[in-house]
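Asker: Provided herewith: input_32.cif, mmCIF, N, CA and C atoms.
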```
data_query
#
loop_
_atom_site.group_PDB
_atom_site.id
_atom_site.type_symbol
_atom_site.label_atom_id
_atom_site.label_comp_id
_atom_site.auth_asym_id
_atom_site.auth_seq_id
_atom_site.Cartn_x
_atom_site.Cartn_y
_atom_site.Cartn_z
ATOM 1 N N MET A 4 4.947 -4.355 -23.163
ATOM 2 C CA MET A 4 3.601 -4.880 -23.098
ATOM 3 C C MET A 4 3.026 -4.599 -21.692
ATOM 4 N N LYS A 5 1.839 -4.053 -21.670
ATOM 5 C CA LYS A 5 1.184 -3.747 -20.389
ATOM 6 C C LYS A 5 0.570 -5.002 -19.791
ATOM 7 N N PRO A 6 0.690 -5.131 -18.478
ATOM 8 C CA PRO A 6 0.079 -6.292 -17.835
ATOM 9 C C PRO A 6 -1.440 -6.217 -17.862
ATOM 10 N N LYS A 7 -2.079 -7.362 -17.770
ATOM 11 C CA LYS A 7 -3.538 -7.421 -17.707
ATOM 12 C C LYS A 7 -3.933 -7.490 -16.232
ATOM 13 N N PHE A 8 -4.892 -6.658 -15.852
ATOM 14 C CA PHE A 8 -5.333 -6.599 -14.465
ATOM 15 C C PHE A 8 -6.764 -7.098 -14.351
ATOM 16 N N GLU A 9 -7.082 -7.698 -13.200
ATOM 17 C CA GLU A 9 -8.423 -8.207 -12.927
ATOM 18 C C GLU A 9 -8.852 -7.787 -11.531
ATOM 19 N N VAL A 10 -10.161 -7.675 -11.318
ATOM 20 C CA VAL A 10 -10.703 -7.360 -10.002
ATOM 21 C C VAL A 10 -10.300 -8.466 -9.019
ATOM 22 N N ASN A 11 -9.954 -8.079 -7.803
ATOM 23 C CA ASN A 11 -9.486 -8.949 -6.714
ATOM 24 C C ASN A 11 -8.052 -9.433 -6.881
ATOM 25 N N GLN A 12 -7.379 -8.987 -7.925
ATOM 26 C CA GLN A 12 -5.971 -9.340 -8.119
ATOM 27 C C GLN A 12 -5.109 -8.583 -7.112
ATOM 28 N N ARG A 13 -4.123 -9.242 -6.557
ATOM 29 C CA ARG A 13 -3.155 -8.576 -5.675
ATOM 30 C C ARG A 13 -2.093 -7.943 -6.556
ATOM 31 N N VAL A 14 -1.825 -6.660 -6.300
ATOM 32 C CA VAL A 14 -0.865 -5.891 -7.074
ATOM 33 C C VAL A 14 0.022 -5.108 -6.105
ATOM 34 N N TRP A 15 0.946 -4.353 -6.642
ATOM 35 C CA TRP A 15 1.877 -3.574 -5.837
ATOM 36 C C TRP A 15 1.824 -2.121 -6.271
ATOM 37 N N VAL A 16 1.944 -1.217 -5.308
ATOM 38 C CA VAL A 16 1.921 0.218 -5.589
ATOM 39 C C VAL A 16 3.183 0.834 -5.005
ATOM 40 N N SER A 17 3.916 1.540 -5.859
ATOM 41 C CA SER A 17 5.113 2.244 -5.398
ATOM 42 C C SER A 17 4.772 3.709 -5.181
ATOM 43 N N VAL A 18 5.531 4.337 -4.303
ATOM 44 C CA VAL A 18 5.352 5.755 -4.011
ATOM 45 C C VAL A 18 6.682 6.435 -4.271
ATOM 46 N N ARG A 19 6.634 7.525 -5.045
ATOM 47 C CA ARG A 19 7.852 8.271 -5.355
ATOM 48 C C ARG A 19 7.634 9.729 -5.010
ATOM 49 N N ASN A 20 8.574 10.311 -4.298
ATOM 50 C CA ASN A 20 8.557 11.734 -3.998
ATOM 51 C C ASN A 20 9.150 12.437 -5.212
ATOM 52 N N THR A 21 8.374 13.278 -5.883
ATOM 53 C CA THR A 21 8.838 13.934 -7.108
ATOM 54 C C THR A 21 9.688 15.170 -6.826
ATOM 55 N N VAL A 22 9.775 15.581 -5.574
ATOM 56 C CA VAL A 22 10.545 16.766 -5.206
ATOM 57 C C VAL A 22 11.905 16.391 -4.621
ATOM 58 N N GLU A 23 11.914 15.401 -3.759
ATOM 59 C CA GLU A 23 13.134 14.975 -3.087
ATOM 60 C C GLU A 23 13.434 13.527 -3.437
ATOM 61 N N GLN A 24 14.715 13.174 -3.388
ATOM 62 C CA GLN A 24 15.085 11.774 -3.597
ATOM 63 C C GLN A 24 14.597 10.962 -2.406
ATOM 64 N N SER A 25 14.022 9.813 -2.666
ATOM 65 C CA SER A 25 13.522 8.968 -1.585
ATOM 66 C C SER A 25 13.883 7.518 -1.848
ATOM 67 N N LYS A 26 13.865 6.728 -0.799
ATOM 68 C CA LYS A 26 14.146 5.302 -0.941
ATOM 69 C C LYS A 26 12.943 4.618 -1.574
ATOM 70 N N PRO A 27 13.195 3.637 -2.442
ATOM 71 C CA PRO A 27 12.086 2.928 -3.084
ATOM 72 C C PRO A 27 11.355 2.006 -2.115
ATOM 73 N N TYR A 28 10.040 2.000 -2.224
ATOM 74 C CA TYR A 28 9.253 1.017 -1.475
ATOM 75 C C TYR A 28 7.925 0.792 -2.163
ATOM 76 N N VAL A 29 7.334 -0.354 -1.884
ATOM 77 C CA VAL A 29 6.044 -0.725 -2.455
ATOM 78 C C VAL A 29 5.155 -1.280 -1.360
ATOM 79 N N THR A 30 3.844 -1.196 -1.587
ATOM 80 C CA THR A 30 2.878 -1.789 -0.670
ATOM 81 C C THR A 30 1.916 -2.656 -1.476
ATOM 82 N N GLU A 31 1.412 -3.675 -0.828
ATOM 83 C CA GLU A 31 0.495 -4.603 -1.490
ATOM 84 C C GLU A 31 -0.914 -4.015 -1.506
ATOM 85 N N HIS A 32 -1.568 -4.092 -2.655
ATOM 86 C CA HIS A 32 -2.923 -3.585 -2.857
ATOM 87 C C HIS A 32 -3.776 -4.667 -3.502
ATOM 88 N N ILE A 33 -5.081 -4.439 -3.513
ATOM 89 C CA ILE A 33 -6.036 -5.323 -4.192
ATOM 90 C C ILE A 33 -6.847 -4.464 -5.157
ATOM 91 N N ILE A 34 -6.988 -4.933 -6.381
ATOM 92 C CA ILE A 34 -7.799 -4.205 -7.363
ATOM 93 C C ILE A 34 -9.263 -4.375 -6.996
ATOM 94 N N THR A 35 -9.966 -3.243 -6.878
ATOM 95 C CA THR A 35 -11.371 -3.276 -6.474
ATOM 96 C C THR A 35 -12.327 -3.119 -7.654
ATOM 97 N N ARG A 36 -11.897 -2.395 -8.674
ATOM 98 C CA ARG A 36 -12.732 -2.255 -9.874
ATOM 99 C C ARG A 36 -11.886 -1.728 -11.025
ATOM 100 N N ILE A 37 -12.379 -1.989 -12.226
ATOM 101 C CA ILE A 37 -11.695 -1.540 -13.436
ATOM 102 C C ILE A 37 -12.730 -0.875 -14.320
ATOM 103 N N GLU A 38 -12.419 0.339 -14.757
ATOM 104 C CA GLU A 38 -13.291 1.088 -15.651
ATOM 105 C C GLU A 38 -12.485 1.498 -16.875
ATOM 106 N N LYS A 39 -13.145 2.080 -17.839
ATOM 107 C CA LYS A 39 -12.485 2.437 -19.094
ATOM 108 C C LYS A 39 -11.239 3.293 -18.884
ATOM 109 N N GLY A 40 -11.310 4.294 -18.046
ATOM 110 C CA GLY A 40 -10.186 5.201 -17.868
ATOM 111 C C GLY A 40 -9.355 4.970 -16.629
ATOM 112 N N GLY A 41 -9.735 4.001 -15.802
ATOM 113 C CA GLY A 41 -8.985 3.849 -14.571
ATOM 114 C C GLY A 41 -9.082 2.480 -13.931
ATOM 115 N N ILE A 42 -8.059 2.187 -13.161
ATOM 116 C CA ILE A 42 -8.002 0.974 -12.362
ATOM 117 C C ILE A 42 -7.983 1.425 -10.909
ATOM 118 N N TYR A 43 -8.871 0.888 -10.103
ATOM 119 C CA TYR A 43 -8.978 1.269 -8.699
ATOM 120 C C TYR A 43 -8.402 0.157 -7.835
ATOM 121 N N ALA A 44 -7.580 0.562 -6.865
ATOM 122 C CA ALA A 44 -6.975 -0.414 -5.962
ATOM 123 C C ALA A 44 -6.906 0.186 -4.563
ATOM 124 N N ARG A 45 -6.902 -0.689 -3.569
ATOM 125 C CA ARG A 45 -6.803 -0.242 -2.180
ATOM 126 C C ARG A 45 -5.751 -1.092 -1.472
ATOM 127 N N PRO A 46 -5.111 -0.510 -0.449
ATOM 128 C CA PRO A 46 -4.170 -1.310 0.328
ATOM 129 C C PRO A 46 -4.875 -2.513 0.949
ATOM 130 N N VAL A 47 -4.161 -3.588 1.160
ATOM 131 C CA VAL A 47 -4.730 -4.836 1.655
ATOM 132 C C VAL A 47 -5.546 -4.638 2.932
ATOM 133 N N ASN A 48 -5.080 -3.848 3.867
ATOM 134 C CA ASN A 48 -5.772 -3.701 5.154
ATOM 135 C C ASN A 48 -6.529 -2.380 5.302
ATOM 136 N N HIS A 49 -6.862 -1.741 4.204
ATOM 137 C CA HIS A 49 -7.563 -0.456 4.257
ATOM 138 C C HIS A 49 -8.717 -0.433 3.263
ATOM 139 N N LEU A 50 -9.608 0.536 3.430
ATOM 140 C CA LEU A 50 -10.751 0.668 2.527
ATOM 141 C C LEU A 50 -10.578 1.769 1.492
ATOM 142 N N HIS A 51 -9.612 2.658 1.684
ATOM 143 C CA HIS A 51 -9.423 3.796 0.788
ATOM 144 C C HIS A 51 -8.911 3.341 -0.578
ATOM 145 N N GLU A 52 -9.680 3.664 -1.625
ATOM 146 C CA GLU A 52 -9.280 3.332 -2.990
ATOM 147 C C GLU A 52 -8.440 4.456 -3.586
ATOM 148 N N ARG A 53 -7.563 4.072 -4.491
ATOM 149 C CA ARG A 53 -6.800 5.045 -5.260
ATOM 150 C C ARG A 53 -7.033 4.707 -6.731
ATOM 151 N N ARG A 54 -7.221 5.731 -7.559
ATOM 152 C CA ARG A 54 -7.474 5.521 -8.988
ATOM 153 C C ARG A 54 -6.179 5.700 -9.769
ATOM 154 N N PHE A 55 -5.888 4.739 -10.616
ATOM 155 C CA PHE A 55 -4.709 4.792 -11.470
ATOM 156 C C PHE A 55 -5.157 4.942 -12.919
ATOM 157 N N GLN A 56 -4.515 5.844 -13.637
ATOM 158 C CA GLN A 56 -4.852 6.033 -15.048
ATOM 159 C C GLN A 56 -4.495 4.769 -15.816
ATOM 160 N N THR A 57 -5.383 4.347 -16.682
ATOM 161 C CA THR A 57 -5.191 3.111 -17.434
ATOM 162 C C THR A 57 -3.940 3.168 -18.314
ATOM 163 N N GLN A 58 -3.701 4.295 -18.955
ATOM 164 C CA GLN A 58 -2.577 4.404 -19.889
ATOM 165 C C GLN A 58 -1.216 4.433 -19.213
ATOM 166 N N THR A 59 -1.104 5.131 -18.081
ATOM 167 C CA THR A 59 0.199 5.310 -17.428
ATOM 168 C C THR A 59 0.383 4.471 -16.176
ATOM 169 N N LEU A 60 -0.707 3.928 -15.652
ATOM 170 C CA LEU A 60 -0.722 3.165 -14.399
ATOM 171 C C LEU A 60 -0.219 4.006 -13.226
ATOM 172 N N THR A 61 -0.456 5.328 -13.300
ATOM 173 C CA THR A 61 -0.011 6.228 -12.240
ATOM 174 C C THR A 61 -1.174 7.002 -11.634
ATOM 175 N N ASN A 62 -0.897 7.558 -10.452
ATOM 176 C CA ASN A 62 -1.831 8.419 -9.744
ATOM 177 C C ASN A 62 -1.013 9.555 -9.151
ATOM 178 N N LYS A 63 -1.289 10.787 -9.600
ATOM 179 C CA LYS A 63 -0.607 11.951 -9.042
ATOM 180 C C LYS A 63 -1.560 13.127 -9.083
ATOM 181 N N HIS A 64 -1.725 13.774 -7.943
ATOM 182 C CA HIS A 64 -2.566 14.960 -7.868
ATOM 183 C C HIS A 64 -1.715 16.193 -8.122
ATOM 184 N N LYS A 65 -2.322 17.231 -8.665
ATOM 185 C CA LYS A 65 -1.596 18.466 -8.998
ATOM 186 C C LYS A 65 -0.814 19.043 -7.831
ATOM 187 N N ASN A 66 -1.413 19.080 -6.657
ATOM 188 C CA ASN A 66 -0.797 19.732 -5.512
ATOM 189 C C ASN A 66 0.001 18.786 -4.619
ATOM 190 N N SER A 67 0.245 17.584 -5.084
ATOM 191 C CA SER A 67 0.972 16.612 -4.272
ATOM 192 C C SER A 67 2.356 16.369 -4.846
ATOM 193 N N LYS A 68 3.318 16.150 -3.974
ATOM 194 C CA LYS A 68 4.667 15.841 -4.443
ATOM 195 C C LYS A 68 4.871 14.337 -4.615
ATOM 196 N N TYR A 69 3.826 13.555 -4.346
ATOM 197 C CA TYR A 69 3.947 12.102 -4.438
ATOM 198 C C TYR A 69 3.273 11.556 -5.689
ATOM 199 N N GLU A 70 3.938 10.603 -6.307
ATOM 200 C CA GLU A 70 3.376 9.898 -7.452
ATOM 201 C C GLU A 70 3.288 8.416 -7.090
ATOM 202 N N PHE A 71 2.128 7.830 -7.341
ATOM 203 C CA PHE A 71 1.886 6.423 -7.070
ATOM 204 C C PHE A 71 1.849 5.679 -8.398
ATOM 205 N N LYS A 72 2.442 4.503 -8.451
ATOM 206 C CA LYS A 72 2.452 3.713 -9.677
ATOM 207 C C LYS A 72 2.042 2.284 -9.364
ATOM 208 N N LEU A 73 1.218 1.733 -10.239
ATOM 209 C CA LEU A 73 0.689 0.379 -10.106
ATOM 210 C C LEU A 73 1.611 -0.616 -10.813
ATOM 211 N N TRP A 74 1.906 -1.709 -10.130
ATOM 212 C CA TRP A 74 2.764 -2.771 -10.670
ATOM 213 C C TRP A 74 2.039 -4.108 -10.546
ATOM 214 N N ALA A 75 2.153 -4.947 -11.564
ATOM 215 C CA ALA A 75 1.531 -6.274 -11.527
ATOM 216 C C ALA A 75 2.292 -7.217 -10.595
ATOM 217 N N SER A 76 3.602 -6.976 -10.437
ATOM 218 C CA SER A 76 4.396 -7.836 -9.556
ATOM 219 C C SER A 76 5.440 -7.005 -8.829
ATOM 220 N N VAL A 77 5.824 -7.454 -7.668
ATOM 221 C CA VAL A 77 6.859 -6.764 -6.911
ATOM 222 C C VAL A 77 8.207 -6.899 -7.634
ATOM 223 N N GLU A 78 8.406 -8.001 -8.337
ATOM 224 C CA GLU A 78 9.638 -8.194 -9.091
ATOM 225 C C GLU A 78 9.773 -7.155 -10.193
ATOM 226 N N GLY A 79 8.641 -6.837 -10.846
ATOM 227 C CA GLY A 79 8.663 -5.812 -11.891
ATOM 228 C C GLY A 79 9.108 -4.467 -11.357
ATOM 229 N N PHE A 80 8.650 -4.133 -10.161
ATOM 230 C CA PHE A 80 9.057 -2.878 -9.527
ATOM 231 C C PHE A 80 10.558 -2.862 -9.264
ATOM 232 N N TRP A 81 11.072 -3.900 -8.605
ATOM 233 C CA TRP A 81 12.496 -3.920 -8.252
ATOM 234 C C TRP A 81 13.374 -3.982 -9.495
ATOM 235 N N ASN A 82 12.933 -4.654 -10.544
ATOM 236 C CA ASN A 82 13.691 -4.661 -11.801
ATOM 237 C C ASN A 82 13.774 -3.253 -12.376
ATOM 238 N N ALA A 83 12.667 -2.516 -12.322
ATOM 239 C CA ALA A 83 12.666 -1.135 -12.825
ATOM 240 C C ALA A 83 13.583 -0.245 -11.997
ATOM 241 N N VAL A 84 13.614 -0.454 -10.688
ATOM 242 C CA VAL A 84 14.506 0.324 -9.819
ATOM 243 C C VAL A 84 15.953 0.095 -10.233
ATOM 244 N N GLU A 85 16.311 -1.164 -10.440
ATOM 245 C CA GLU A 85 17.684 -1.501 -10.809
ATOM 246 C C GLU A 85 18.034 -1.045 -12.217
ATOM 247 N N GLU A 86 17.166 -1.322 -13.181
ATOM 248 C CA GLU A 86 17.456 -1.036 -14.583
ATOM 249 C C GLU A 86 17.357 0.438 -14.942
ATOM 250 N N GLU A 87 16.375 1.121 -14.398
ATOM 251 C CA GLU A 87 16.123 2.490 -14.801
ATOM 252 C C GLU A 87 16.605 3.518 -13.785
ATOM 253 N N GLY A 88 17.086 3.071 -12.656
ATOM 254 C CA GLY A 88 17.513 4.006 -11.632
ATOM 255 C C GLY A 88 16.372 4.921 -11.195
ATOM 256 N N MET A 89 15.179 4.336 -11.052
ATOM 257 C CA MET A 89 13.970 5.122 -10.769
ATOM 258 C C MET A 89 14.105 6.049 -9.575
ATOM 259 N N TYR A 90 14.824 5.650 -8.565
ATOM 260 C CA TYR A 90 14.867 6.423 -7.335
ATOM 261 C C TYR A 90 16.250 7.009 -7.067
ATOM 262 N N SER A 91 17.047 7.112 -8.108
ATOM 263 C CA SER A 91 18.386 7.648 -7.911
ATOM 264 C C SER A 91 18.519 9.066 -8.456
ATOM 265 N N GLY A 92 17.406 9.676 -8.818
ATOM 266 C CA GLY A 92 17.455 11.013 -9.370
ATOM 267 C C GLY A 92 17.648 11.037 -10.874
ATOM 268 N N LYS A 93 17.691 9.860 -11.521
ATOM 269 C CA LYS A 93 17.881 9.788 -12.969
ATOM 270 C C LYS A 93 16.598 9.967 -13.747
ATOM 271 N N SER A 94 15.459 9.715 -13.114
ATOM 272 C CA SER A 94 14.201 9.795 -13.866
ATOM 273 C C SER A 94 13.471 11.080 -13.571
#
```
With the file now loaded, output its structure as structure tokens.
Answerer:
Amino acid sequence: MKPKFEVNQRVWVSVRNTVEQSKPYVTEHIITRIEKGGIYARPVNHLHERRFQTQTLTNKHKNSKYEFKLWASVEGFWNAVEEEGMYSGKS
């Protein structure tokens, strides 16, 4: 079940290097707007927004080796790291 997101909600964004194995980490973001195809969020202390696809909750540009993923809770992220081995080269 996908989480429900609201404007001004505090969320978490993980960054994964799709080329090299990297250590897992997340940063706190705030949702700034929600549209039909995307959820926009920015880091707590910055103005730059990032758009996440509504269906996948991810943001990845063609020429970038980094993939960003939106999480409703930091616990959800760490559970996924443990259960799915997200950052161990298994995914």
Asker: Which residues are close to range 30-35 of chain A, i.e. within 8 Å by all atoms listed in the file, leaving aside same-chain residues fewer than 3 positions away? Reply as a PyMOL selection string.
Answerer: chain A and resi 8-18+38+42-48+52
Asker: Distance atom C of Asn20 in chain A-CA of Lys39 in chain A, one decimal place?
Answerer: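 If I compute the distance from atom C of Asn20 in chain A to CA of Lys39 in chain A, I get 27.6 Å.
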Asker: Using all atoms listed in the file, which of A:Arg36, A:Gly41, A:Lys5, A:Val22 sits nearest Lys68 in chain A?
Answerer: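 Of the candidates, the smallest distance to Lys68 in chain A is held by A:Val22.
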Asker: For Thr61 in chain A, which residue among A:Phe80, A:Glu23, A:Leu73, A:Glu85 is the nearest when counting all atoms listed in the file?
Answerer: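 Nearest candidate to Thr61 in chain A out of A:Phe80, A:Glu23, A:Leu73, A:Glu85: A:Leu73.
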Asker: Restricting the calculation to only C-alpha atoms: of A:Ile37, A:Glu70, A:Arg54, A:Asn62, which residue gets closest to Ser25 in chain A?
Answerer: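 Result for the nearest residue to Ser25 in chain A: A:Glu70.
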Asker: Mind pulling up the distance from CA of Leu50 in chain A to atom N of Val84 in chain A?
Answerer: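 Interatomic distance here is 27.7 Å.
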Asker: Please indicate the distance in Å from CA of Pro6 in chain A to CA of Ser76 in chain A, rounded to one decimal place.
Answerer: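 Atom-to-atom, CA of Pro6 in chain A and CA of Ser76 in chain A are spaced 9.5 Å apart.
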Asker: Based on DSSP run over this structure's backbone, return all residues of chain A in strand (DSSP E or B), as a ChimeraX atom specification.
Answerer: /A:13-20,29-37,41-46,53-56,61-62,69-74
Asker: If you run DSSP on the backbone, which residues of chain A are helix (DSSP H, G or I), as a PyMOL selection string?
Answerer: chain A and resi 77-87
